[in-house]
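Asker: The following block contains the structure, expressed as structure tokens.
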Amino acid sequence: MDNTTFSPTALGSYRVLDMTDEKGFLCGRLLADLGADVIKVEPPGGDRARGQGPFFRGAPLPESSMAWWAFNVNKRGITLNISSGDGRKLFTELVKGVDFLIESFAPGYLDGLGLGYEALRSLSPGLIMVSITPFGQEGPYARYQATDLVLQAMGGFMNVTGYEDGPPMRIGNPNAYLHAGAEACAAALIASHHRAATGEGQHVDVSAQQCVVWTLMESNPTWDISRKIVRRAGNVYNEPSPPMRRINHWPCKDGQVGYANYGGPIFARRSERFYRMMQEKDGAQVDRLLEKDWLNNQEGQRLMTQQDLDDEAEVMGAFFLRHTKEELYDWSIEEKFMLTPVNTPEELLASPQIKAREYMVEMDHPDLAARVPYPGAFVQMSETPCQMRRKPPRIGEHNQEIYMGQLGLSREELTELRSAGVI
């Protein structure tokens, strides 16, 4: 990648100091993808998140964590112990040369070291400091710690996730801090827009709990509008008025597909065509479905009943099980139905759409003698494209480049700092 010529980027003139753990990795990754020079700061010996799997080729080594790679690609990396006096001095020198500081320490920790926002903005008035914590910088829960499970629960997301007759469920892949990281990036850019107009920096306070609450933007207004409470429904859609259970995800021969019938005159026309397509493709017995009164409704009302849905599910469920995702998807495109396969990771990598947009990007890892595929740009921009510029840094990989090349330290000073556990 080092010999590649890159186009100008949206944030190519900005520098970011990334002091986050897994709570904020995505924020730095997004800013780096947009072209900012993001310097990931780890404690001496490496970030604890390097111990999170899966590991490349199964080797549980700090330099082999693919989870860590995913969120720290495109960044440079240094090590620094800011709890030491010399470490704090180096930190303040680094802050003077950056536009953004991202951090995820507990509220008050940096203040206790004399490195809080008020102290830092005296060194750099235009500094935008982004703090990502479980519950924000103030309030009775501010100093509480939280895992992804805690945040999904306390943000209300788990209350609407799961099966109707079961307990609340957490989405298996951690996502609460990913919401926080994405919101933090957006907020940082808004603050940057303000700074461009006024010259003033800001302290951006991101609560991961509040970011999770934001994902319930449909559930919360449902009560205000219709006095109905959105409840867990599994793979069906519980329509609040009138109360009906519609299946959204259907098992098929080699996985699952998504398809739903919501009734009404538009869906009546589509449903009739779908029934006839089932009959044509494999001889499905659809006569009783074609005789439904709601198919002939001309008044624009949803006259479909729960019994209609149950009758449909009995025929349609058997039809789906007789065919593959590819067959069903091809037929849906041919007949213009809203049906989609539920893709596995392997199927995503093989997707012709993903390939056509050149979304996956291979990065060289010379130390591992490997080329590794990464998810690429989250957005395509014609003039200032997001680009994959560098592999994720090894522990302290850019110490010499930054401490000597940018801060002007000598090799002897660098050696002394390393021996003292400062870097």
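Just so we're on the same page: first chain in the structure tokens is A, next is B, and so on; residues restart at 1 for each chain, and ligands are numbered from 1 in the order they show up.
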Find the residues around segment 386-402 of chain A up to 6 Å (only C-alpha atoms counted), leave out those fewer than 4 positions away in its own chain, and share them as an MDAnalysis selection string.
Answerer: chainID A and resid 33:34 46 69 72:74 76:79 377 406
Asker: Those selected residues, please, written with N, CA and C atoms and delivered as a PDB file, in the first residue's frame.
Answerer:
```
ATOM      1  N   ASP A  33     -10.667   6.750   7.688  1.00  0.00           N
ATOM      2  CA  ASP A  33     -11.158   6.414   6.350  1.00  0.00           C
ATOM      3  C   ASP A  33     -11.429   7.669   5.529  1.00  0.00           C
ATOM      4  N   LEU A  34     -11.849   8.730   6.213  1.00  0.00           N
ATOM      5  CA  LEU A  34     -12.100  10.007   5.533  1.00  0.00           C
ATOM      6  C   LEU A  34     -10.824  10.775   5.237  1.00  0.00           C
ATOM      7  N   GLY A  46       0.891  -2.642  24.535  1.00  0.00           N
ATOM      8  CA  GLY A  46      -0.250  -2.834  23.648  1.00  0.00           C
ATOM      9  C   GLY A  46      -1.601  -2.712  24.321  1.00  0.00           C
ATOM     10  N   TRP A  69      -7.737  -5.427  14.429  1.00  0.00           N
ATOM     11  CA  TRP A  69      -7.400  -4.951  13.084  1.00  0.00           C
ATOM     12  C   TRP A  69      -8.563  -4.174  12.473  1.00  0.00           C
ATOM     13  N   ASN A  72      -8.897  -0.594  13.667  1.00  0.00           N
ATOM     14  CA  ASN A  72      -7.708   0.255  13.763  1.00  0.00           C
ATOM     15  C   ASN A  72      -6.898   0.312  12.475  1.00  0.00           C
ATOM     16  N   VAL A  73      -7.434  -0.268  11.418  1.00  0.00           N
ATOM     17  CA  VAL A  73      -6.811  -0.129  10.108  1.00  0.00           C
ATOM     18  C   VAL A  73      -6.846   1.341   9.710  1.00  0.00           C
ATOM     19  N   ASN A  74      -5.873   1.761   8.926  1.00  0.00           N
ATOM     20  CA  ASN A  74      -5.757   3.142   8.432  1.00  0.00           C
ATOM     21  C   ASN A  74      -5.163   4.100   9.461  1.00  0.00           C
ATOM     22  N   ARG A  76      -2.032   5.253  12.288  1.00  0.00           N
ATOM     23  CA  ARG A  76      -0.667   5.043  12.771  1.00  0.00           C
ATOM     24  C   ARG A  76      -0.750   4.674  14.252  1.00  0.00           C
ATOM     25  N   GLY A  77       0.325   4.124  14.809  1.00  0.00           N
ATOM     26  CA  GLY A  77       0.253   3.682  16.195  1.00  0.00           C
ATOM     27  C   GLY A  77       1.500   3.995  16.996  1.00  0.00           C
ATOM     28  N   ILE A  78       1.277   4.514  18.230  1.00  0.00           N
ATOM     29  CA  ILE A  78       2.382   4.746  19.165  1.00  0.00           C
ATOM     30  C   ILE A  78       1.978   4.195  20.525  1.00  0.00           C
ATOM     31  N   THR A  79       2.967   4.085  21.408  1.00  0.00           N
ATOM     32  CA  THR A  79       2.709   3.696  22.789  1.00  0.00           C
ATOM     33  C   THR A  79       3.066   4.857  23.714  1.00  0.00           C
ATOM     34  N   ALA A 377     -14.426   1.302   2.128  1.00  0.00           N
ATOM     35  CA  ALA A 377     -15.018   2.609   2.400  1.00  0.00           C
ATOM     36  C   ALA A 377     -16.497   2.484   2.742  1.00  0.00           C
ATOM     37  N   GLN A 406       8.423  14.055  14.527  1.00  0.00           N
ATOM     38  CA  GLN A 406       7.492  15.164  14.734  1.00  0.00           C
ATOM     39  C   GLN A 406       7.764  15.952  16.009  1.00  0.00           C
TER      40      GLN A 406
END
```
Asker: For segment 214-220 of chain A, list every protein, DNA or RNA residue within 9 Å, evaluated using only C-alpha atoms, and leave out those in the same chain fewer than 6 positions away; present the list as a ChimeraX atom specification.
Answerer: /A:155-157,160,179,229-231
Asker: How would the residues just picked look written out with N, CA and C atoms as a PDB file, in the first residue's frame?
Answerer:
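Printed below is again14.pdb as written:
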```
ATOM      1  N   GLY A 155     -30.198   0.739  27.550  1.00  0.00           N
ATOM      2  CA  GLY A 155     -30.646   1.618  26.483  1.00  0.00           C
ATOM      3  C   GLY A 155     -32.028   1.259  25.971  1.00  0.00           C
ATOM      4  N   GLY A 156     -32.602   0.147  26.487  1.00  0.00           N
ATOM      5  CA  GLY A 156     -33.951  -0.242  26.105  1.00  0.00           C
ATOM      6  C   GLY A 156     -34.030  -1.163  24.906  1.00  0.00           C
ATOM      7  N   PHE A 157     -32.899  -1.388  24.232  1.00  0.00           N
ATOM      8  CA  PHE A 157     -32.924  -2.172  23.003  1.00  0.00           C
ATOM      9  C   PHE A 157     -33.338  -3.621  23.258  1.00  0.00           C
ATOM     10  N   VAL A 160     -37.141  -4.813  23.308  1.00  0.00           N
ATOM     11  CA  VAL A 160     -37.925  -5.066  22.101  1.00  0.00           C
ATOM     12  C   VAL A 160     -37.274  -6.128  21.222  1.00  0.00           C
ATOM     13  N   HIS A 179     -22.475   1.976  17.761  1.00  0.00           N
ATOM     14  CA  HIS A 179     -23.384   3.120  17.624  1.00  0.00           C
ATOM     15  C   HIS A 179     -22.729   4.375  18.213  1.00  0.00           C
ATOM     16  N   ILE A 229     -47.741  -0.237  22.752  1.00  0.00           N
ATOM     17  CA  ILE A 229     -46.375  -0.510  23.174  1.00  0.00           C
ATOM     18  C   ILE A 229     -45.762  -1.546  22.236  1.00  0.00           C
ATOM     19  N   VAL A 230     -44.611  -1.215  21.636  1.00  0.00           N
ATOM     20  CA  VAL A 230     -43.906  -2.166  20.785  1.00  0.00           C
ATOM     21  C   VAL A 230     -43.301  -3.246  21.672  1.00  0.00           C
ATOM     22  N   ARG A 231     -43.619  -4.488  21.377  1.00  0.00           N
ATOM     23  CA  ARG A 231     -43.168  -5.607  22.203  1.00  0.00           C
ATOM     24  C   ARG A 231     -42.321  -6.565  21.372  1.00  0.00           C
TER      25      ARG A 231
END
```
Asker: So how many Å separate atom CA of Trp223 of chain A and atom CA of Gln210 of chain A, to one decimal?
Answerer: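 Between atom CA of Trp223 of chain A and atom CA of Gln210 of chain A the gap is 19.1 Å.
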Asker: Give me, as JSON, numbers by chain, all polymer residues having an atom no more than 10 Å from Ala142 of chain A, counting only C-alpha atoms and skipping those fewer than 2 positions away in the same chain.
Answerer: {"A": [106, 107, 108, 133, 134, 135, 136, 137, 138, 139, 140, 144, 145, 207]}
Asker: Just the number, please: distance in Å from atom CA of Arg50 of chain A to atom CA of Ala67 of chain A, one decimal.
Answerer: 7.8 Å
Asker: Which is closest to Glu312 of chain A among A:Pro174, A:Gly263, A:Pro251, A:Gly283, if we use only C-alpha atoms?
Answerer: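 Counting only C-alpha atoms, the residue closest to Glu312 of chain A is A:Gly263.
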Asker: Quick one: of A:Glu416, A:Asp330, A:Glu200, A:Asp18, who's nearest to Ser131 of chain A, counting only C-alpha atoms?
Answerer: A:Asp18
Asker: Go ahead and compute the interatomic distance for atom CA of Ala10 of chain A and atom CA of Glu383 of chain A, in Å to one decimal.
Answerer: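 Taking atom CA of Ala10 of chain A and atom CA of Glu383 of chain A, their separation equals 8.5 Å.
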Asker: Compare A:Lys281, A:Arg273, A:Glu347, A:Gln306 by their minimum atom-to-atom distance to Arg322 of chain A, counting only C-alpha atoms, and give me the closest one.
Answerer: A:Lys281
